[in-house]
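Peer 1: Next up, input-v6.cif (mmCIF, C-alpha atoms and all ligand atoms).
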data_coords
#
loop_
_atom_site.label_atom_id
_atom_site.label_comp_id
_atom_site.auth_asym_id
_atom_site.auth_seq_id
_atom_site.Cartn_x
_atom_site.Cartn_y
_atom_site.Cartn_z
CA MET H 1 58.19 -156.25 -56.27
CA ALA H 2 56.95 -153.47 -54.07
CA LYS H 3 54.99 -154.53 -51.03
CA GLY H 4 51.79 -152.53 -51.22
CA LYS H 5 48.51 -153.01 -49.45
CA ASN H 6 47.20 -156.03 -51.25
CA ILE H 7 43.62 -157.06 -50.77
CA LEU H 8 41.52 -160.03 -51.69
CA HIS H 9 38.63 -158.99 -53.88
CA HIS H 10 36.23 -160.47 -56.40
CA CYS H 11 37.52 -159.80 -59.90
CA VAL H 12 34.76 -159.53 -62.50
CA HIS H 13 37.15 -160.56 -65.26
CA CYS H 14 38.47 -163.66 -63.53
CA GLU H 15 35.06 -164.32 -61.96
CA ARG H 16 36.71 -165.28 -58.70
CA VAL H 17 38.36 -163.73 -55.66
CA THR H 18 41.90 -162.72 -56.53
CA LYS H 19 44.75 -160.84 -54.95
CA MET H 20 44.77 -157.17 -55.96
CA GLU H 21 47.41 -154.51 -55.65
CA VAL H 22 46.90 -150.80 -55.18
CA ILE H 23 47.29 -148.62 -58.26
CA GLY H 24 46.10 -145.30 -56.94
CA ALA H 25 43.52 -143.17 -55.23
CA VAL H 26 40.47 -141.54 -56.80
CA GLU H 27 40.18 -137.78 -56.76
CA ASN H 28 37.32 -136.47 -54.59
CA GLN H 29 36.42 -139.99 -53.55
CA PRO H 30 38.77 -140.88 -50.68
CA GLU H 31 36.93 -144.09 -49.83
CA LYS H 32 37.52 -145.49 -53.32
CA THR H 33 40.77 -146.87 -54.64
CA TRP H 34 41.90 -148.35 -57.93
CA TYR H 35 43.19 -151.89 -57.58
CA ARG H 36 44.71 -154.15 -60.18
CA CYS H 37 44.07 -157.84 -60.31
CA THR H 38 47.44 -159.59 -60.03
CA ARG H 39 46.07 -162.45 -62.10
CA CYS H 40 44.52 -160.81 -65.19
CA ARG H 41 46.00 -157.30 -64.71
CA HIS H 42 42.62 -155.63 -65.12
CA ALA H 43 41.98 -152.54 -63.01
CA THR H 44 38.96 -152.42 -60.69
CA LEU H 45 37.55 -149.55 -58.68
CA VAL H 46 37.06 -150.76 -55.11
CA ASP H 47 34.90 -149.01 -52.54
CA LEU H 48 36.77 -149.88 -49.35
CA GLU H 49 34.09 -148.49 -47.03
CA ALA H 50 31.39 -150.64 -48.61
CA LEU H 51 33.74 -153.61 -48.55
CA LYS H 52 34.49 -153.15 -44.86
CA GLN H 53 30.80 -152.68 -44.09
CA SER H 54 29.73 -155.84 -45.88
CA GLN H 55 32.44 -157.82 -44.11
CA GLN H 56 31.25 -156.53 -40.74
CA ASP H 57 27.63 -157.28 -41.58
CA ALA H 58 28.52 -160.82 -42.53
CA LYS H 59 30.30 -161.29 -39.24
CA LYS H 60 27.48 -159.75 -37.21
CA LYS H 61 24.67 -161.74 -38.77
CA LEU H 62 23.43 -164.40 -36.40
CA ASP H 63 22.29 -167.75 -37.60
CA LYS H 64 19.03 -168.84 -36.03
CA SER H 65 20.05 -172.50 -36.11
CA GLN H 66 23.06 -171.67 -33.93
CA CYS H 67 21.00 -169.85 -31.32
CA LEU H 68 19.86 -171.35 -28.04
CA GLU H 69 16.15 -171.10 -27.45
CA TYR H 70 15.39 -168.75 -24.60
CA LYS H 71 13.81 -170.33 -21.53
CA PRO H 72 13.54 -168.43 -18.23
CA GLU H 73 14.74 -171.39 -16.17
CA ASN H 74 17.99 -171.71 -18.13
CA THR H 75 21.26 -170.01 -17.29
CA TYR H 76 23.22 -168.24 -20.02
CA SER H 77 26.64 -166.72 -20.59
CA VAL H 78 27.64 -163.37 -22.05
CA GLY H 79 28.32 -163.70 -25.78
CA GLU H 80 25.85 -166.50 -26.38
CA ALA H 81 23.21 -166.07 -29.07
CA ILE H 82 19.62 -166.84 -28.18
CA PHE H 83 16.34 -167.20 -30.01
CA HIS H 84 13.11 -165.89 -28.46
CA SER H 85 10.31 -167.99 -29.96
CA GLU H 86 7.50 -165.75 -28.70
CA TRP H 87 9.02 -162.59 -30.20
CA ASP H 88 10.51 -164.43 -33.19
CA ASP H 89 13.76 -162.56 -32.75
CA ILE H 90 17.37 -163.51 -32.18
CA GLY H 91 19.98 -161.65 -30.22
CA LYS H 92 23.29 -161.77 -28.43
CA ILE H 93 23.73 -161.63 -24.68
CA ILE H 94 25.74 -158.51 -23.92
CA SER H 95 25.71 -158.59 -20.12
CA LYS H 96 24.26 -160.18 -17.01
CA VAL H 97 22.59 -158.29 -14.20
CA ARG H 98 20.92 -158.76 -10.82
CA THR H 99 17.32 -157.67 -10.65
CA SER H 100 15.99 -155.57 -7.77
CA GLY H 101 14.21 -158.65 -6.46
CA GLY H 102 17.47 -160.55 -6.17
CA GLY H 103 16.90 -162.57 -9.31
CA ARG H 104 19.17 -162.92 -12.27
CA ALA H 105 18.69 -161.43 -15.71
CA ILE H 106 20.47 -161.26 -19.02
CA VAL H 107 20.66 -158.18 -21.21
CA VAL H 108 20.15 -159.18 -24.82
CA SER H 109 20.72 -157.10 -27.93
CA PHE H 110 18.02 -158.32 -30.30
CA GLU H 111 18.24 -157.82 -34.04
CA LYS H 112 14.72 -156.42 -34.41
CA LEU H 113 13.69 -155.35 -30.92
CA GLY H 114 16.96 -153.89 -29.72
CA GLU H 115 18.08 -154.19 -26.12
CA ARG H 116 15.87 -156.26 -23.83
CA ARG H 117 16.26 -157.61 -20.33
CA LEU H 118 15.19 -161.19 -19.73
CA MET H 119 15.01 -163.28 -16.58
CA GLU H 120 17.29 -166.30 -16.27
CA SER H 121 17.83 -169.07 -13.73
CA VAL H 122 14.22 -168.73 -12.69
CA VAL H 123 13.26 -171.25 -10.03
CA ARG H 124 9.80 -172.65 -10.57
CA ASN H 125 7.26 -172.10 -7.79
CA GLY H 126 7.10 -174.99 -5.35
CA GLU H 127 10.77 -175.84 -5.70
CA ASP H 128 11.99 -173.30 -3.19
CA ASN H 129 11.18 -173.47 0.52
CA GLN H 130 9.92 -170.25 1.97
ZN ZN H 201 41.28 -160.66 -62.63
#
Translate this structure into structure tokens?
Ligand SMILES: [Zn+2]
Peer 2:
Amino acid sequence: MAKGKNILHHCVHCERVTKMEVIGAVENQPEKTWYRCTRCRHATLVDLEALKQSQQDAKKKLDKSQCLEYKPENTYSVGEAIFHSEWDDIGKIISKVRTSGGGRAIVVSFEKLGERRLMESVVRNGEDNQ
């Protein structure tokens, strides 16, 4: 048995994800490849670009229930996912910065709004002695 580039893909004949082996490329369509289901031996045309894209999308998608609700007085870490109730948007913290006023802020990449800077570790008035 030759060791080709096997992939796991949904076979329409088996109606399940099966192991598939490469048969050959498609002329004029470099992103598409013929694969054969090792279970039922049926050939399937697989669009590898679309497959890769959908896998990346699935990985990127944030689940709202796994997000922390954003509150200015909280402190966050890079990589954490947060939910902004006022904007109804979720995003991932990509970095942390110091504001010009000496405060702390997080840079969040929101799904709908894009990149936004939000204050964190905000000390409520009256708690600090000036
Ligand atoms: Zn099959």
Peer 1: Let me have all residues with an atom within 8 Å of ligand ZN 201 (chain H), counting all atoms listed in the file, laid out as a VMD selection string.
Peer 2: chain H and resid 11 to 16 18 36 to 42
Peer 1: Atoms to include: C-alpha atoms. Write the selected residues as a compact mmCIF listing (two decimals), keeping the file's coordinate frame.
Peer 2:
# COMPACT_ATOMS: atom_id res chain seq x y z
CA CYS H 11 37.52 -159.80 -59.90
CA VAL H 12 34.76 -159.53 -62.50
CA HIS H 13 37.15 -160.56 -65.26
CA CYS H 14 38.47 -163.66 -63.53
CA GLU H 15 35.06 -164.32 -61.96
CA ARG H 16 36.71 -165.28 -58.70
CA THR H 18 41.90 -162.72 -56.53
CA ARG H 36 44.71 -154.15 -60.18
CA CYS H 37 44.07 -157.84 -60.31
CA THR H 38 47.44 -159.59 -60.03
CA ARG H 39 46.07 -162.45 -62.10
CA CYS H 40 44.52 -160.81 -65.19
CA ARG H 41 46.00 -157.30 -64.71
CA HIS H 42 42.62 -155.63 -65.12
Peer 1: Ranking H:Ala81, H:Val17, H:Asp88, H:Arg124 by minimum distance to Val107 of chain H and counting only C-alpha atoms, which one comes first?
Peer 2: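 Looking only at the distances to Val107 of chain H, the closest residue turns out to be H:Ala81.
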Peer 1: What gap, in Å, lies between atom CA of Thr33 of chain H and atom CA of Asp47 of chain H?
Peer 2: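 Taking atom CA of Thr33 of chain H as the start and atom CA of Asp47 of chain H as the end point, the length is 6.6 Å.
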Peer 1: Applying 8 Å and all atoms listed in the file, which residues near Glu120 of chain H remain after dropping the ones on its own chain fewer than 5 positions away? List them as a ChimeraX atom specification.
Peer 2: /H:71-76,103-106
Peer 1: When you draw a straight line from atom CA of Lys92 of chain H to atom CA of Val78 of chain H, how long is it in Å?
Peer 2: 7.9 Å
Peer 1: Please, what distance in Å, to one decimal, runs between atom CA of Thr99 of chain H and atom CA of Leu113 of chain H?
Peer 2: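 One can read the atom CA of Thr99 of chain H to atom CA of Leu113 of chain H distance as 20.7 Å.
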Peer 1: Which is closest to Asp63 of chain H among H:Glu21, H:Leu45, H:Glu111, H:Glu31, if we use all atoms listed in the file?
Peer 2: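 Of the candidates, the smallest distance to Asp63 of chain H is held by H:Glu111.
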Peer 1: Using all atoms listed in the file, find the one residue out of H:Asn28, H:Lys52, H:Ile23, H:Asp89 that sits nearest to Glu69 of chain H.
Peer 2: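 That would be H:Asp89, the residue with the smallest distance to Glu69 of chain H.
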Peer 1: Between H:Gly114, H:Ile7, H:Ser100, H:Ser54, which one has atoms that come closest to Trp87 of chain H, using only C-alpha atoms?
Peer 2: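 When distances to Trp87 of chain H are compared using only C-alpha atoms, the smallest one comes from H:Gly114.
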Peer 1: Can you work out which one of H:Ile90, H:Val108, H:Ala25, H:Ala43 has the shortest atom-to-atom distance to His10 of chain H, counting all atoms listed in the file?
Peer 2: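 Looking only at the distances to His10 of chain H, the closest residue turns out to be H:Ala43.
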Peer 1: Could you please give me, as a PyMOL selection string, the residues of protein, DNA or RNA lying at most 12 Å from (25.4, -166.6, -34.7) in the coordinate frame of the file, considering all atoms listed in the file?
Peer 2: chain H and resi 57-68+79-83+90-93+110-111
Peer 1: Take segment 83-108 of chain H from the block and save it with N, CA and C atoms, as a PDB file, in the first residue's frame.
Peer 2:
ATOM      1  N   PHE H  83     -17.260  39.159  26.102  1.00  0.00           N
ATOM      2  CA  PHE H  83     -18.544  39.553  25.545  1.00  0.00           C
ATOM      3  C   PHE H  83     -18.876  40.959  26.042  1.00  0.00           C
ATOM      4  N   HIS H  84     -19.170  41.873  25.106  1.00  0.00           N
ATOM      5  CA  HIS H  84     -19.513  43.244  25.461  1.00  0.00           C
ATOM      6  C   HIS H  84     -21.033  43.381  25.364  1.00  0.00           C
ATOM      7  N   SER H  85     -21.706  43.415  26.521  1.00  0.00           N
ATOM      8  CA  SER H  85     -23.171  43.390  26.525  1.00  0.00           C
ATOM      9  C   SER H  85     -23.785  44.634  25.874  1.00  0.00           C
ATOM     10  N   GLU H  86     -23.150  45.779  26.045  1.00  0.00           N
ATOM     11  CA  GLU H  86     -23.675  47.021  25.475  1.00  0.00           C
ATOM     12  C   GLU H  86     -23.623  47.012  23.939  1.00  0.00           C
ATOM     13  N   TRP H  87     -22.533  46.485  23.414  1.00  0.00           N
ATOM     14  CA  TRP H  87     -22.364  46.437  21.948  1.00  0.00           C
ATOM     15  C   TRP H  87     -22.912  45.146  21.349  1.00  0.00           C
ATOM     16  N   ASP H  88     -23.247  44.188  22.199  1.00  0.00           N
ATOM     17  CA  ASP H  88     -23.698  42.872  21.765  1.00  0.00           C
ATOM     18  C   ASP H  88     -22.720  42.258  20.763  1.00  0.00           C
ATOM     19  N   ASP H  89     -21.462  42.215  21.183  1.00  0.00           N
ATOM     20  CA  ASP H  89     -20.428  41.692  20.299  1.00  0.00           C
ATOM     21  C   ASP H  89     -19.421  40.909  21.134  1.00  0.00           C
ATOM     22  N   ILE H  90     -18.825  39.905  20.528  1.00  0.00           N
ATOM     23  CA  ILE H  90     -17.807  39.142  21.223  1.00  0.00           C
ATOM     24  C   ILE H  90     -16.480  39.262  20.490  1.00  0.00           C
ATOM     25  N   GLY H  91     -15.402  39.156  21.243  1.00  0.00           N
ATOM     26  CA  GLY H  91     -14.096  39.293  20.625  1.00  0.00           C
ATOM     27  C   GLY H  91     -13.009  38.658  21.466  1.00  0.00           C
ATOM     28  N   LYS H  92     -11.817  38.614  20.882  1.00  0.00           N
ATOM     29  CA  LYS H  92     -10.680  38.012  21.549  1.00  0.00           C
ATOM     30  C   LYS H  92      -9.659  39.095  21.876  1.00  0.00           C
ATOM     31  N   ILE H  93      -9.088  39.011  23.058  1.00  0.00           N
ATOM     32  CA  ILE H  93      -8.084  39.986  23.469  1.00  0.00           C
ATOM     33  C   ILE H  93      -6.769  39.669  22.766  1.00  0.00           C
ATOM     34  N   ILE H  94      -6.293  40.638  21.966  1.00  0.00           N
ATOM     35  CA  ILE H  94      -5.088  40.368  21.186  1.00  0.00           C
ATOM     36  C   ILE H  94      -3.839  40.995  21.805  1.00  0.00           C
ATOM     37  N   SER H  95      -4.034  42.045  22.627  1.00  0.00           N
ATOM     38  CA  SER H  95      -2.880  42.593  23.334  1.00  0.00           C
ATOM     39  C   SER H  95      -3.323  43.484  24.478  1.00  0.00           C
ATOM     40  N   LYS H  96      -2.355  43.869  25.311  1.00  0.00           N
ATOM     41  CA  LYS H  96      -2.642  44.746  26.436  1.00  0.00           C
ATOM     42  C   LYS H  96      -1.741  45.964  26.323  1.00  0.00           C
ATOM     43  N   VAL H  97      -2.302  47.116  26.627  1.00  0.00           N
ATOM     44  CA  VAL H  97      -1.518  48.349  26.480  1.00  0.00           C
ATOM     45  C   VAL H  97      -1.690  49.255  27.696  1.00  0.00           C
ATOM     46  N   ARG H  98      -0.789  50.237  27.792  1.00  0.00           N
ATOM     47  CA  ARG H  98      -0.882  51.283  28.806  1.00  0.00           C
ATOM     48  C   ARG H  98      -1.474  52.509  28.124  1.00  0.00           C
ATOM     49  N   THR H  99      -2.450  53.121  28.749  1.00  0.00           N
ATOM     50  CA  THR H  99      -3.014  54.326  28.162  1.00  0.00           C
ATOM     51  C   THR H  99      -2.133  55.521  28.518  1.00  0.00           C
ATOM     52  N   SER H 100      -2.337  56.625  27.816  1.00  0.00           N
ATOM     53  CA  SER H 100      -1.527  57.825  28.056  1.00  0.00           C
ATOM     54  C   SER H 100      -1.706  58.340  29.483  1.00  0.00           C
ATOM     55  N   GLY H 101      -2.859  58.058  30.066  1.00  0.00           N
ATOM     56  CA  GLY H 101      -3.116  58.512  31.434  1.00  0.00           C
ATOM     57  C   GLY H 101      -2.562  57.581  32.491  1.00  0.00           C
ATOM     58  N   GLY H 102      -1.838  56.548  32.072  1.00  0.00           N
ATOM     59  CA  GLY H 102      -1.246  55.625  33.021  1.00  0.00           C
ATOM     60  C   GLY H 102      -2.149  54.458  33.377  1.00  0.00           C
ATOM     61  N   GLY H 103      -3.311  54.420  32.746  1.00  0.00           N
ATOM     62  CA  GLY H 103      -4.236  53.314  33.013  1.00  0.00           C
ATOM     63  C   GLY H 103      -3.892  52.098  32.186  1.00  0.00           C
ATOM     64  N   ARG H 104      -4.691  51.085  32.327  1.00  0.00           N
ATOM     65  CA  ARG H 104      -4.463  49.860  31.575  1.00  0.00           C
ATOM     66  C   ARG H 104      -5.630  49.612  30.632  1.00  0.00           C
ATOM     67  N   ALA H 105      -5.298  49.081  29.467  1.00  0.00           N
ATOM     68  CA  ALA H 105      -6.337  48.803  28.469  1.00  0.00           C
ATOM     69  C   ALA H 105      -6.040  47.497  27.762  1.00  0.00           C
ATOM     70  N   ILE H 106      -7.107  46.913  27.232  1.00  0.00           N
ATOM     71  CA  ILE H 106      -6.959  45.705  26.424  1.00  0.00           C
ATOM     72  C   ILE H 106      -7.361  46.042  24.988  1.00  0.00           C
ATOM     73  N   VAL H 107      -6.670  45.442  24.043  1.00  0.00           N
ATOM     74  CA  VAL H 107      -7.038  45.604  22.638  1.00  0.00           C
ATOM     75  C   VAL H 107      -7.786  44.337  22.240  1.00  0.00           C
ATOM     76  N   VAL H 108      -9.038  44.535  21.825  1.00  0.00           N
ATOM     77  CA  VAL H 108      -9.901  43.402  21.518  1.00  0.00           C
ATOM     78  C   VAL H 108     -10.282  43.390  20.044  1.00  0.00           C
TER      79      VAL H 108
END
